[in-house]
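J.: My structure is in protein31.txt, and what it holds is compact mmCIF, C-alpha atoms and all ligand atoms:
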# COMPACT_ATOMS: atom_id res chain seq x y z
CA MET T 1 -22.88 -6.31 19.29
CA ASN T 2 -20.86 -9.07 17.64
CA SER T 3 -19.08 -11.38 20.00
CA PHE T 4 -15.69 -12.74 19.05
CA SER T 5 -12.90 -14.69 20.69
CA TYR T 6 -9.32 -13.49 21.01
CA ILE T 7 -6.00 -15.26 21.42
CA GLN T 8 -2.44 -14.00 21.45
CA VAL T 9 0.08 -16.40 19.90
CA SER T 10 3.84 -16.51 20.18
CA ASP T 11 4.78 -19.07 17.52
CA VAL T 12 3.90 -19.36 13.86
CA GLU T 13 2.45 -22.86 14.07
CA SER T 14 -0.09 -21.75 16.66
CA ALA T 15 -0.91 -18.68 14.59
CA LEU T 16 -1.62 -20.75 11.49
CA ARG T 17 -3.61 -23.34 13.44
CA GLU T 18 -5.75 -20.64 15.06
CA ALA T 19 -6.20 -18.88 11.73
CA ALA T 20 -7.70 -22.06 10.27
CA ARG T 21 -10.73 -21.68 12.57
CA PRO T 22 -13.81 -20.36 10.72
CA GLY T 23 -14.11 -16.58 10.74
CA SER T 24 -10.54 -16.03 11.97
CA ARG T 25 -8.51 -12.93 11.30
CA PHE T 26 -4.99 -11.99 12.22
CA LEU T 27 -4.71 -8.92 14.41
CA GLY T 28 -1.71 -6.59 14.15
CA ALA T 29 -1.92 -3.32 16.05
CA GLY T 30 -5.61 -3.16 15.19
CA THR T 31 -5.53 0.44 13.96
CA ASN T 32 -7.53 -0.55 10.89
CA LEU T 33 -9.22 -3.85 11.74
CA LEU T 34 -10.65 -2.69 15.08
CA ASP T 35 -12.04 0.48 13.46
CA LEU T 36 -13.74 -1.65 10.84
CA MET T 37 -15.13 -3.98 13.51
CA LYS T 38 -16.51 -1.05 15.51
CA GLY T 39 -18.27 0.18 12.37
CA GLY T 40 -19.72 -3.24 11.60
CA VAL T 41 -17.81 -3.46 8.31
CA GLU T 42 -15.77 -6.47 9.44
CA ARG T 43 -17.22 -9.14 11.72
CA PRO T 44 -14.53 -11.72 12.51
CA ALA T 45 -15.46 -14.56 14.88
CA HIS T 46 -11.91 -15.09 16.13
CA LEU T 47 -8.94 -12.72 16.41
CA VAL T 48 -5.42 -14.11 16.36
CA ASP T 49 -3.09 -11.46 17.77
CA VAL T 50 0.25 -11.85 15.98
CA THR T 51 2.13 -8.94 17.53
CA ARG T 52 4.23 -11.27 19.75
CA LEU T 53 5.49 -13.37 16.84
CA PRO T 54 9.27 -13.19 16.31
CA PHE T 55 9.12 -10.99 13.20
CA ALA T 56 9.93 -7.61 14.67
CA GLU T 57 13.46 -7.26 13.28
CA ILE T 58 15.10 -5.56 10.35
CA ARG T 59 18.15 -7.35 9.05
CA GLU T 60 20.48 -7.38 6.08
CA LEU T 61 20.14 -10.10 3.49
CA PRO T 62 23.30 -11.82 2.21
CA GLU T 63 23.13 -10.28 -1.29
CA GLY T 64 22.77 -6.76 0.08
CA GLY T 65 19.02 -6.39 0.44
CA LEU T 66 17.01 -5.90 3.59
CA ARG T 67 14.37 -7.99 5.35
CA ILE T 68 11.76 -6.06 7.32
CA GLY T 69 9.77 -8.24 9.70
CA ALA T 70 5.99 -8.01 9.45
CA MET T 71 5.64 -6.94 13.10
CA VAL T 72 8.10 -4.05 12.83
CA SER T 73 6.20 -0.85 13.55
CA ASN T 74 5.87 1.76 10.81
CA SER T 75 7.92 4.20 12.95
CA ALA T 76 10.71 1.70 13.57
CA ALA T 77 10.92 0.88 9.86
CA ALA T 78 10.98 4.56 8.88
CA SER T 79 13.73 5.47 11.32
CA HIS T 80 15.96 2.42 10.93
CA PRO T 81 19.45 3.55 9.82
CA LEU T 82 19.65 0.99 6.99
CA VAL T 83 16.21 1.91 5.66
CA ARG T 84 17.05 5.61 5.77
CA ALA T 85 20.44 5.12 4.12
CA ARG T 86 19.51 2.61 1.41
CA TYR T 87 15.78 3.07 0.89
CA PRO T 88 15.02 6.73 1.65
CA LEU T 89 11.91 6.39 -0.53
CA LEU T 90 10.43 3.88 1.89
CA SER T 91 11.31 5.96 4.93
CA GLN T 92 9.70 9.05 3.39
CA ALA T 93 6.56 7.17 2.38
CA LEU T 94 6.13 5.70 5.87
CA LEU T 95 6.54 9.12 7.46
CA ALA T 96 3.90 10.55 5.11
CA GLY T 97 1.31 8.14 6.51
CA ALA T 98 -1.15 8.64 9.37
CA SER T 99 0.22 10.30 12.54
CA PRO T 100 3.19 9.57 14.84
CA GLN T 101 0.91 7.81 17.35
CA LEU T 102 -0.54 5.53 14.67
CA ARG T 103 2.85 4.85 13.11
CA ASN T 104 4.24 3.86 16.50
CA MET T 105 1.58 1.16 16.75
CA ALA T 106 0.89 0.08 13.15
CA THR T 107 2.74 -2.96 11.84
CA VAL T 108 4.26 -3.47 8.40
CA GLY T 109 2.04 -6.54 7.81
CA GLY T 110 -1.09 -4.66 8.83
CA ASN T 111 -0.17 -1.65 6.71
CA LEU T 112 -0.03 -3.84 3.60
CA LEU T 113 -3.50 -5.20 4.32
CA GLN T 114 -5.25 -2.02 5.43
CA ARG T 115 -8.51 -1.65 3.58
CA THR T 116 -9.76 1.07 1.27
CA ARG T 117 -11.04 4.38 2.65
CA CYS T 118 -13.95 4.53 0.19
CA HIS T 119 -16.84 6.22 2.07
CA TYR T 120 -19.33 3.64 0.80
CA PHE T 121 -17.21 0.73 2.02
CA TYR T 122 -16.79 2.29 5.45
CA ASP T 123 -20.40 3.25 6.05
CA THR T 124 -22.79 0.32 6.40
CA ALA T 125 -25.73 2.71 5.99
CA PHE T 126 -25.00 2.40 2.26
CA ALA T 127 -26.40 -0.89 1.06
CA ALA T 128 -24.37 -1.03 -2.15
CA CYS T 129 -20.72 -1.95 -1.84
CA ASN T 130 -19.35 -4.93 -3.74
CA LYS T 131 -16.23 -4.90 -1.62
CA ARG T 132 -18.17 -5.11 1.64
CA LYS T 133 -21.09 -7.17 0.31
CA PRO T 134 -20.32 -8.91 -3.00
CA GLY T 135 -23.07 -8.50 -5.56
CA SER T 136 -24.68 -5.48 -3.88
CA GLY T 137 -23.40 -2.88 -6.39
CA CYS T 138 -21.09 0.13 -6.14
CA ALA T 139 -22.56 3.32 -4.72
CA ALA T 140 -19.42 5.26 -5.62
CA LEU T 141 -20.02 4.91 -9.37
CA GLU T 142 -22.79 7.53 -9.25
CA GLY T 143 -21.96 8.96 -5.84
CA GLU T 144 -19.25 11.16 -4.35
CA ASN T 145 -16.20 9.90 -6.16
CA ARG T 146 -13.62 12.63 -5.79
CA ILE T 147 -11.17 10.32 -3.98
CA HIS T 148 -11.67 7.35 -6.26
CA ALA T 149 -9.69 5.53 -8.95
CA ILE T 150 -8.83 6.79 -12.43
CA LEU T 151 -6.85 3.72 -13.51
CA GLY T 152 -7.49 -0.02 -13.36
CA ALA T 153 -11.01 0.24 -11.92
CA SER T 154 -14.02 -1.85 -12.92
CA GLU T 155 -17.76 -1.34 -12.88
CA SER T 156 -17.77 -3.40 -9.67
CA CYS T 157 -15.45 -1.14 -7.70
CA ILE T 158 -13.63 2.17 -8.11
CA ALA T 159 -11.98 2.25 -4.68
CA VAL T 160 -8.28 3.05 -4.25
CA HIS T 161 -5.62 1.49 -2.08
CA PRO T 162 -4.80 3.81 0.81
CA SER T 163 -1.30 2.79 1.91
CA ASP T 164 1.67 5.12 1.41
CA MET T 165 4.21 2.46 2.33
CA ALA T 166 2.80 0.15 -0.35
CA VAL T 167 3.51 2.70 -3.09
CA ALA T 168 7.19 2.86 -2.15
CA LEU T 169 7.38 -0.93 -1.94
CA ALA T 170 5.94 -1.18 -5.46
CA ALA T 171 8.62 1.17 -6.78
CA LEU T 172 11.34 -0.74 -4.94
CA ASP T 173 10.30 -4.15 -6.33
CA ALA T 174 9.80 -5.65 -2.88
CA THR T 175 8.80 -9.24 -2.20
CA VAL T 176 6.24 -10.24 0.41
CA ARG T 177 7.11 -13.37 2.40
CA VAL T 178 4.18 -15.39 3.71
CA ARG T 179 3.59 -18.58 5.67
CA GLY T 180 0.56 -20.83 5.42
CA LEU T 181 -0.36 -24.35 6.43
CA LYS T 182 1.11 -25.52 3.10
CA GLY T 183 4.46 -23.85 3.79
CA GLU T 184 6.28 -20.66 2.91
CA ARG T 185 6.15 -18.63 -0.29
CA ALA T 186 7.38 -15.31 -1.63
CA ILE T 187 5.03 -13.06 -3.60
CA ALA T 188 6.47 -10.50 -6.00
CA TYR T 189 5.07 -7.11 -5.08
CA ALA T 190 3.38 -6.59 -8.45
CA ASP T 191 1.34 -9.75 -7.76
CA PHE T 192 0.46 -9.00 -4.16
CA HIS T 193 -2.39 -6.48 -4.42
CA ARG T 194 -5.17 -6.99 -6.97
CA LEU T 195 -7.21 -4.86 -9.31
CA PRO T 196 -10.92 -5.10 -8.48
CA GLY T 197 -12.29 -6.85 -11.59
CA GLU T 198 -15.41 -8.78 -10.61
CA THR T 199 -14.06 -9.69 -7.16
CA PRO T 200 -13.31 -6.41 -5.37
CA GLN T 201 -13.85 -8.10 -2.01
CA ARG T 202 -10.36 -9.58 -2.50
CA ASP T 203 -7.67 -6.93 -2.04
CA THR T 204 -4.68 -9.27 -2.40
CA ASN T 205 -3.62 -12.68 -3.67
CA LEU T 206 -3.02 -13.97 -0.15
CA ALA T 207 -4.78 -17.26 0.53
CA GLN T 208 -7.15 -17.53 3.51
CA GLY T 209 -5.11 -18.00 6.69
CA GLU T 210 -1.75 -17.01 5.18
CA LEU T 211 0.43 -14.93 7.49
CA ILE T 212 2.76 -12.18 6.28
CA THR T 213 6.11 -12.69 7.96
CA ALA T 214 8.33 -10.12 6.22
CA VAL T 215 8.94 -7.81 3.31
CA ASP T 216 12.20 -8.25 1.43
CA LEU T 217 13.85 -5.37 -0.40
CA PRO T 218 16.39 -6.14 -3.14
CA PRO T 219 19.69 -4.23 -3.23
CA SER T 220 18.94 -0.77 -4.57
CA ALA T 221 21.00 1.57 -6.74
CA PHE T 222 18.22 4.17 -6.57
CA SER T 223 19.86 6.60 -4.18
CA LYS T 224 17.96 9.63 -5.55
CA ALA T 225 14.41 9.30 -4.36
CA PHE T 226 11.39 11.31 -3.37
CA TYR T 227 7.92 10.44 -2.13
CA LEU T 228 5.42 13.18 -2.91
CA LYS T 229 2.00 12.97 -1.30
CA VAL T 230 -0.75 15.37 -2.32
CA ARG T 231 -3.63 15.47 0.14
CA ASP T 232 -6.36 17.71 1.48
CA ARG T 233 -4.55 18.37 4.79
CA ALA T 234 -0.84 18.52 5.50
CA SER T 235 -1.11 15.70 8.03
CA TYR T 236 -3.41 12.85 9.01
CA ALA T 237 -4.96 12.53 5.57
CA PHE T 238 -4.83 9.91 2.86
CA ALA T 239 -3.32 10.66 -0.54
CA LEU T 240 -5.39 12.13 -3.32
CA VAL T 241 -2.38 11.32 -5.47
CA SER T 242 1.06 10.20 -4.40
CA VAL T 243 4.22 9.50 -6.35
CA ALA T 244 7.17 7.35 -5.36
CA ALA T 245 10.03 8.34 -7.65
CA ALA T 246 13.51 6.83 -7.57
CA LEU T 247 16.35 7.50 -9.95
CA GLU T 248 19.70 6.03 -10.80
CA LEU T 249 21.62 8.89 -12.40
CA GLU T 250 24.82 9.01 -14.39
CA GLY T 251 25.77 12.68 -14.45
CA ASP T 252 22.58 14.38 -15.53
CA THR T 253 21.31 11.37 -17.48
CA VAL T 254 18.85 8.87 -16.07
CA ARG T 255 20.26 5.38 -16.13
CA ALA T 256 17.06 3.89 -14.67
CA ALA T 257 13.88 5.24 -13.09
CA ARG T 258 11.20 3.80 -10.88
CA ILE T 259 7.82 5.45 -10.56
CA ALA T 260 4.79 4.22 -8.67
CA LEU T 261 1.56 6.08 -7.99
CA GLY T 262 -0.81 5.98 -5.03
CA GLY T 263 -4.38 7.24 -4.66
CA ILE T 264 -5.34 6.50 -8.24
CA ALA T 265 -6.00 2.75 -8.39
CA HIS T 266 -7.10 -0.29 -6.38
CA LYS T 267 -3.43 -1.20 -5.98
CA PRO T 268 -0.17 0.75 -6.00
CA TRP T 269 0.25 1.62 -9.67
CA ARG T 270 3.64 1.09 -11.25
CA ALA T 271 4.16 3.49 -14.16
CA GLU T 272 6.42 1.30 -16.28
CA ARG T 273 5.96 3.17 -19.56
CA ALA T 274 6.98 6.40 -17.83
CA GLU T 275 10.07 4.66 -16.46
CA GLU T 276 11.02 3.52 -19.96
CA LEU T 277 10.61 7.01 -21.36
CA LEU T 278 12.96 8.46 -18.74
CA ALA T 279 15.68 5.82 -19.08
CA GLY T 280 18.73 7.06 -20.98
CA LYS T 281 17.45 10.64 -21.10
CA ARG T 282 18.33 13.95 -19.48
CA LEU T 283 15.52 15.35 -17.36
CA GLU T 284 14.39 18.02 -19.81
CA PRO T 285 10.89 19.45 -19.28
CA HIS T 286 9.49 17.84 -22.45
CA THR T 287 10.86 14.43 -21.44
CA LEU T 288 9.32 14.71 -18.00
CA ARG T 289 5.98 15.81 -19.43
CA ALA T 290 5.94 12.91 -21.91
CA ALA T 291 6.72 10.40 -19.15
CA ALA T 292 4.02 11.86 -16.92
CA ALA T 293 1.47 11.73 -19.74
CA ALA T 294 2.34 8.07 -20.40
CA ALA T 295 1.74 7.25 -16.73
CA VAL T 296 -1.94 8.24 -16.92
CA GLU T 297 -2.63 6.91 -20.40
CA GLY T 298 -6.01 5.17 -20.43
CA ALA T 299 -7.20 6.98 -17.31
CA LYS T 300 -10.97 6.90 -16.90
CA PRO T 301 -12.21 9.71 -14.67
CA ARG T 302 -15.55 9.68 -12.86
CA ARG T 303 -17.83 12.64 -12.17
CA ASP T 304 -15.71 14.26 -9.43
CA ASN T 305 -12.15 13.12 -9.99
CA ALA T 306 -10.96 14.20 -13.45
CA PHE T 307 -8.61 16.61 -11.63
CA LYS T 308 -6.52 13.59 -10.63
CA ILE T 309 -5.33 13.13 -14.22
CA THR T 310 -3.66 16.54 -14.25
CA LEU T 311 -2.63 16.34 -10.63
CA ALA T 312 -0.92 12.98 -11.12
CA GLN T 313 1.10 14.28 -14.07
CA ARG T 314 2.21 17.40 -12.23
CA ALA T 315 3.06 15.34 -9.16
CA ILE T 316 5.19 12.98 -11.24
CA VAL T 317 7.15 15.86 -12.77
CA ARG T 318 7.71 17.44 -9.37
CA ALA T 319 8.62 14.19 -7.64
CA VAL T 320 11.17 13.25 -10.31
CA GLN T 321 12.68 16.74 -10.34
CA THR T 322 12.90 16.76 -6.55
CA ALA T 323 14.47 13.28 -6.50
CA ALA T 324 17.08 14.54 -8.99
CA GLY T 325 17.79 17.62 -6.87
CA MET T 326 16.35 19.98 -9.50
CA ALA T 327 13.42 21.35 -7.51
C1 LIG F 401 -6.85 8.20 11.35
C2 LIG F 401 -5.98 7.31 10.49
C3 LIG F 401 -5.21 7.89 9.48
C4 LIG F 401 -4.41 7.09 8.68
N1 LIG F 401 -3.67 7.66 7.68
C5 LIG F 401 -2.90 6.87 6.88
C6 LIG F 401 -2.13 7.41 5.82
O1 LIG F 401 -2.13 8.63 5.57
N2 LIG F 401 -1.38 6.57 5.06
C7 LIG F 401 -1.34 5.23 5.29
O2 LIG F 401 -0.64 4.52 4.58
N3 LIG F 401 -2.08 4.68 6.27
C8 LIG F 401 -2.84 5.46 7.08
N4 LIG F 401 -3.58 4.89 8.06
C9 LIG F 401 -3.69 3.45 8.13
C10 LIG F 401 -2.64 2.81 9.01
O3 LIG F 401 -1.39 2.90 8.37
C11 LIG F 401 -3.07 1.35 9.14
O4 LIG F 401 -4.24 1.34 9.95
C12 LIG F 401 -2.01 0.49 9.77
O5 LIG F 401 -0.83 0.48 8.98
C13 LIG F 401 -2.51 -0.93 9.91
O6 LIG F 401 -1.58 -1.68 10.67
P1 LIG F 401 -2.06 -2.53 11.93
O7 LIG F 401 -0.89 -3.29 12.43
O8 LIG F 401 -2.79 -1.69 12.89
O9 LIG F 401 -3.09 -3.51 11.19
P2 LIG F 401 -4.42 -4.18 11.74
O10 LIG F 401 -5.50 -3.16 11.83
O11 LIG F 401 -4.13 -5.00 12.95
O12 LIG F 401 -4.72 -5.19 10.55
C14 LIG F 401 -5.05 -4.73 9.26
C15 LIG F 401 -5.31 -5.96 8.39
O13 LIG F 401 -4.11 -6.71 8.23
C16 LIG F 401 -4.30 -8.06 8.66
N5 LIG F 401 -3.01 -8.44 9.23
C17 LIG F 401 -2.31 -7.77 10.18
N6 LIG F 401 -1.09 -8.33 10.32
C18 LIG F 401 -1.04 -9.38 9.47
C19 LIG F 401 -0.05 -10.34 9.14
N7 LIG F 401 1.18 -10.34 9.70
N8 LIG F 401 -0.32 -11.28 8.22
C20 LIG F 401 -1.52 -11.31 7.61
N9 LIG F 401 -2.50 -10.44 7.88
C21 LIG F 401 -2.25 -9.47 8.78
C22 LIG F 401 -5.46 -8.03 9.61
O14 LIG F 401 -6.15 -9.26 9.64
C23 LIG F 401 -6.31 -6.92 9.00
O15 LIG F 401 -7.08 -7.44 7.95
C24 LIG F 401 -4.37 5.68 8.90
C25 LIG F 401 -5.13 5.11 9.92
C26 LIG F 401 -5.93 5.90 10.71
C27 LIG F 401 -6.74 5.25 11.79
Using structure tokens, write down the structure from this file.
Ligand SMILES: Cc1cc2nc3c(=O)[nH]c(=O)nc-3n(C[C@H](O)[C@H](O)[C@H](O)COP(=O)(O)OP(=O)(O)OC[C@H]3O[C@@H](n4cnc5c(N)ncnc54)[C@H](O)[C@@H]3O)c2cc1C

T.:
Amino acid sequence: MNSFSYIQVSDVESALREAARPGSRFLGAGTNLLDLMKGGVERPAHLVDVTRLPFAEIRELPEGGLRIGAMVSNSAAASHPLVRARYPLLSQALLAGASPQLRNMATVGGNLLQRTRCHYFYDTAFAACNKRKPGSGCAALEGENRIHAILGASESCIAVHPSDMAVALAALDATVRVRGLKGERAIAYADFHRLPGETPQRDTNLAQGELITAVDLPPSAFSKAFYLKVRDRASYAFALVSVAAALELEGDTVRAARIALGGIAHKPWRAERAEELLAGKRLEPHTLRAAAAAAVEGAKPRRDNAFKITLAQRAIVRAVQTAAGMA
């Protein structure tokens, strides 16, 4: 058994001070971190419970955006009237995740930092996992890799990011607000999660001890939106492939499109080339197919997951058509 200390904090300064202790980790609802501790994957020496910090509100920003506090539960974020009205994509993505019980507990900050569901990361019986133990290798490369990445992977790690919410936030161009001992900063969503490269143990560009305080959403004209999640079970399962599609339409012509993919890379994958191919066009089948093909250009399948290349393209077509009210 690993012993650890625990403290609950109610102000940011205490949280940051406690987090500076060696081996410290912030604790949200614990639905991911405690699981990982029970399995021996994570072994923090000190837990800093941040659930009482004053970041459990959703409020409008002056220029028309929305600020979602890091301690807002996934359920509260999904059901908030302003989220549902202005960012239906985010509400749908949140509701596609986990189960009602988990969503009632899980925090927005914790959701962003949940760790990969790669079998070899989760099971310490496997010696090789560069994410869990840097330099030990990647058992998934030659192992069971049906759920793994087809884009942006490296020979060090082919794990995927598991969050549904994160895929919608990528499409919506969110900003993550963080506080550290050196002050406050805002991280553009595209720069928040990382591709694995040679350092797959680092999931994000957060510095050690930095606390997520909120997620900001810019004003959105993308009223037509759909989050499509393809998974092995209808509930309580992570995405094999997911698509966050949002459209700004002028008649039947796309003025602008946003497409992000989940389940295919180490971070939510923004399909910018596909967005460009849809802009200014009517949603004809050949246009949709070309955009979907562009989204998976350069995909590198492994032994068990080539099906994701086709699945992702079909999911993009269906998500965009559904967002546009065509399906
Ligand atoms: C059975 C099961 C099924 C699931 N299915 C899905 C699914 O389909 N889709 C999906 O998206 N998710 C799914 N999840 C994951 C779930 O969404 C996450 O476990 C949850 O969102 C994590 O939030 P938390 O508050 O419990 O985080 P915690 O477990 O408390 O923390 C997670 C990580 O975030 C860090 N952290 C927490 N808060 C902060 C903060 N404010 N600042 C900095 N660091 C912080 C912690 O140190 C830790 O590293 C599932 C989980 C389970 C157990």

J.: Which of these residues is nearest to Leu181 in chain T, using all atoms listed in the file: T:Glu210, T:Leu247, T:Leu195, T:Ala237?

T.: T:Glu210

J.: List the spatial neighbours of Leu61 in chain T as an mmCIF file with C-alpha atoms, in the coordinates of the input - criterion: any atom at most 9 Å away, only C-alpha atoms, same-chain residues fewer than 4 positions off excluded.

T.:
data_model
loop_
_atom_site.group_PDB
_atom_site.id
_atom_site.type_symbol
_atom_site.label_atom_id
_atom_site.label_comp_id
_atom_site.auth_asym_id
_atom_site.auth_seq_id
_atom_site.Cartn_x
_atom_site.Cartn_y
_atom_site.Cartn_z
ATOM 1 C CA GLY T 65 19.020 -6.390 0.440
ATOM 2 C CA LEU T 66 17.010 -5.900 3.590
ATOM 3 C CA ARG T 67 14.370 -7.990 5.350
ATOM 4 C CA ASP T 216 12.200 -8.250 1.430
ATOM 5 C CA LEU T 217 13.850 -5.370 -0.400
ATOM 6 C CA PRO T 218 16.390 -6.140 -3.140
ATOM 7 C CA PRO T 219 19.690 -4.230 -3.230
#

J.: CA of Ala207 in chain T to CA of Ser10 in chain T: how many Å, to one decimal?

T.: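 That distance, rounded to one decimal, is 21.5 Å.
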
J.: With distances taken over all atoms listed in the file, which residue among T:Ala56, T:Ala294, T:Ala149, T:Leu112 lies nearest ligand LIG 401 (chain F)?

T.: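 Using all atoms listed in the file, the shortest distance to ligand LIG 401 (chain F) belongs to T:Leu112.
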
J.: Please write out the residues within 6 Å of ligand LIG 401 (chain F) as a PyMOL selection string, counting all atoms listed in the file.

T.: chain T and resi 25-33+70+97-98+106-107+109-111+113-114+162-165+211-213+236-238

J.: Near Asn205 in chain T, within 9 Å and counting only C-alpha atoms, which residues show up once chain neighbours fewer than 6 positions away are dropped, as a ChimeraX atom specification?

T.: /T:187,191-194

J.: Go ahead and compute the interatomic distance for CA of Tyr120 in chain T and CA of His266 in chain T, in Å to one decimal.

T.: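 CA of His266 in chain T lies at a distance of 14.7 Å from CA of Tyr120 in chain T.
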
J.: Give me the residues near Gly23 in chain T as a VMD selection string, where near means some atom within 10 Å (using only C-alpha atoms) and where sequence neighbours in that chain fewer than 4 positions away do not count.

T.: chain T and resid 4 19 43 to 47 209

J.: Find the residues near Phe126 in chain T: any atom within 12 Å, counting only C-alpha atoms, skip ones fewer than 3 places away on the same chain, and give them as a list in words.

T.: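 So the residues in contact are Val41, Cys118, His119, Tyr120, Phe121, Tyr122, Asp123, Cys129, Asn130, Arg132, Lys133, Ser136, Gly137, Cys138, Ala139, Ala140 and Gly143 of chain T.
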
J.: Which residue out of T:Gly298, T:Pro62, T:Gly251, T:Pro196 has the minimum interatomic distance to Lys267 in chain T when all atoms listed in the file are used?

T.: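 Closest to Lys267 in chain T, using all atoms listed in the file: T:Pro196.
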
J.: For Met326 in chain T, which residue out of T:Arg115, T:Arg231, T:Lys224, T:Lys300 is the nearest one, using only C-alpha atoms?

T.: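 Among T:Arg115, T:Arg231, T:Lys224, T:Lys300, it is T:Lys224 that comes nearest to Met326 in chain T.
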
J.: Using only C-alpha atoms for the distances, tell me which of T:Val176, T:Val9, T:Val48, T:Leu311 is nearest to Pro22 in chain T.

T.: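 Among T:Val176, T:Val9, T:Val48, T:Leu311, it is T:Val48 that comes nearest to Pro22 in chain T.
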
J.: In Å, with one decimal, what is the gap from CA of Ile316 in chain T to CA of Asn104 in chain T?

T.: 29.2 Å

J.: Extract range 2-8 of chain T from the structure I just pasted (atoms: all heavy atoms) and return it as a PDB file, in the first residue's frame.

T.:
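Dumped to part19.pdb:
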ATOM      1  N   ASN T   2       0.457   2.256  -0.743  1.00  0.00           N
ATOM      2  CA  ASN T   2       1.197   3.526  -0.743  1.00  0.00           C
ATOM      3  C   ASN T   2       0.486   4.501   0.180  1.00  0.00           C
ATOM      4  O   ASN T   2      -0.697   4.750   0.001  1.00  0.00           O
ATOM      5  CB  ASN T   2       1.204   4.133  -2.146  1.00  0.00           C
ATOM      6  CG  ASN T   2       1.938   3.251  -3.113  1.00  0.00           C
ATOM      7  OD1 ASN T   2       3.097   2.926  -2.890  1.00  0.00           O
ATOM      8  ND2 ASN T   2       1.256   2.842  -4.158  1.00  0.00           N
ATOM      9  N   SER T   3       1.225   5.042   1.124  1.00  0.00           N
ATOM     10  CA  SER T   3       0.580   6.035   1.984  1.00  0.00           C
ATOM     11  C   SER T   3       0.698   7.405   1.320  1.00  0.00           C
ATOM     12  O   SER T   3       1.641   7.667   0.571  1.00  0.00           O
ATOM     13  CB  SER T   3       1.225   6.034   3.364  1.00  0.00           C
ATOM     14  OG  SER T   3       2.579   6.354   3.237  1.00  0.00           O
ATOM     15  N   PHE T   4      -0.309   8.223   1.597  1.00  0.00           N
ATOM     16  CA  PHE T   4      -0.292   9.587   1.061  1.00  0.00           C
ATOM     17  C   PHE T   4      -1.040  10.478   2.030  1.00  0.00           C
ATOM     18  O   PHE T   4      -1.854  10.009   2.841  1.00  0.00           O
ATOM     19  CB  PHE T   4      -0.933   9.633  -0.339  1.00  0.00           C
ATOM     20  CG  PHE T   4      -2.369   9.178  -0.360  1.00  0.00           C
ATOM     21  CD1 PHE T   4      -3.411  10.071  -0.145  1.00  0.00           C
ATOM     22  CD2 PHE T   4      -2.680   7.836  -0.573  1.00  0.00           C
ATOM     23  CE1 PHE T   4      -4.730   9.640  -0.154  1.00  0.00           C
ATOM     24  CE2 PHE T   4      -3.999   7.399  -0.589  1.00  0.00           C
ATOM     25  CZ  PHE T   4      -5.024   8.308  -0.373  1.00  0.00           C
ATOM     26  N   SER T   5      -0.746  11.771   1.983  1.00  0.00           N
ATOM     27  CA  SER T   5      -1.482  12.716   2.820  1.00  0.00           C
ATOM     28  C   SER T   5      -2.554  13.403   1.966  1.00  0.00           C
ATOM     29  O   SER T   5      -2.486  13.383   0.734  1.00  0.00           O
ATOM     30  CB  SER T   5      -0.526  13.740   3.425  1.00  0.00           C
ATOM     31  OG  SER T   5       0.268  14.312   2.415  1.00  0.00           O
ATOM     32  N   TYR T   6      -3.523  13.991   2.659  1.00  0.00           N
ATOM     33  CA  TYR T   6      -4.670  14.593   1.975  1.00  0.00           C
ATOM     34  C   TYR T   6      -5.017  15.902   2.667  1.00  0.00           C
ATOM     35  O   TYR T   6      -5.022  15.965   3.902  1.00  0.00           O
ATOM     36  CB  TYR T   6      -5.866  13.634   2.070  1.00  0.00           C
ATOM     37  CG  TYR T   6      -7.205  14.256   1.706  1.00  0.00           C
ATOM     38  CD1 TYR T   6      -7.698  14.192   0.414  1.00  0.00           C
ATOM     39  CD2 TYR T   6      -7.974  14.917   2.676  1.00  0.00           C
ATOM     40  CE1 TYR T   6      -8.923  14.762   0.084  1.00  0.00           C
ATOM     41  CE2 TYR T   6      -9.192  15.495   2.356  1.00  0.00           C
ATOM     42  CZ  TYR T   6      -9.663  15.410   1.058  1.00  0.00           C
ATOM     43  OH  TYR T   6     -10.865  15.978   0.731  1.00  0.00           O
ATOM     44  N   ILE T   7      -5.298  16.916   1.868  1.00  0.00           N
ATOM     45  CA  ILE T   7      -5.797  18.167   2.449  1.00  0.00           C
ATOM     46  C   ILE T   7      -6.850  18.760   1.514  1.00  0.00           C
ATOM     47  O   ILE T   7      -6.726  18.652   0.296  1.00  0.00           O
ATOM     48  CB  ILE T   7      -4.637  19.183   2.687  1.00  0.00           C
ATOM     49  CG1 ILE T   7      -5.152  20.397   3.465  1.00  0.00           C
ATOM     50  CG2 ILE T   7      -3.980  19.633   1.381  1.00  0.00           C
ATOM     51  CD1 ILE T   7      -4.048  21.299   3.997  1.00  0.00           C
ATOM     52  N   GLN T   8      -7.885  19.326   2.132  1.00  0.00           N
ATOM     53  CA  GLN T   8      -8.886  20.027   1.321  1.00  0.00           C
ATOM     54  C   GLN T   8      -8.639  21.518   1.483  1.00  0.00           C
ATOM     55  O   GLN T   8      -8.486  21.993   2.610  1.00  0.00           O
ATOM     56  CB  GLN T   8     -10.284  19.681   1.805  1.00  0.00           C
ATOM     57  CG  GLN T   8     -11.352  20.196   0.880  1.00  0.00           C
ATOM     58  CD  GLN T   8     -12.718  19.633   1.236  1.00  0.00           C
ATOM     59  OE1 GLN T   8     -13.224  19.870   2.321  1.00  0.00           O
ATOM     60  NE2 GLN T   8     -13.308  18.887   0.324  1.00  0.00           N
TER      61      GLN T   8
END
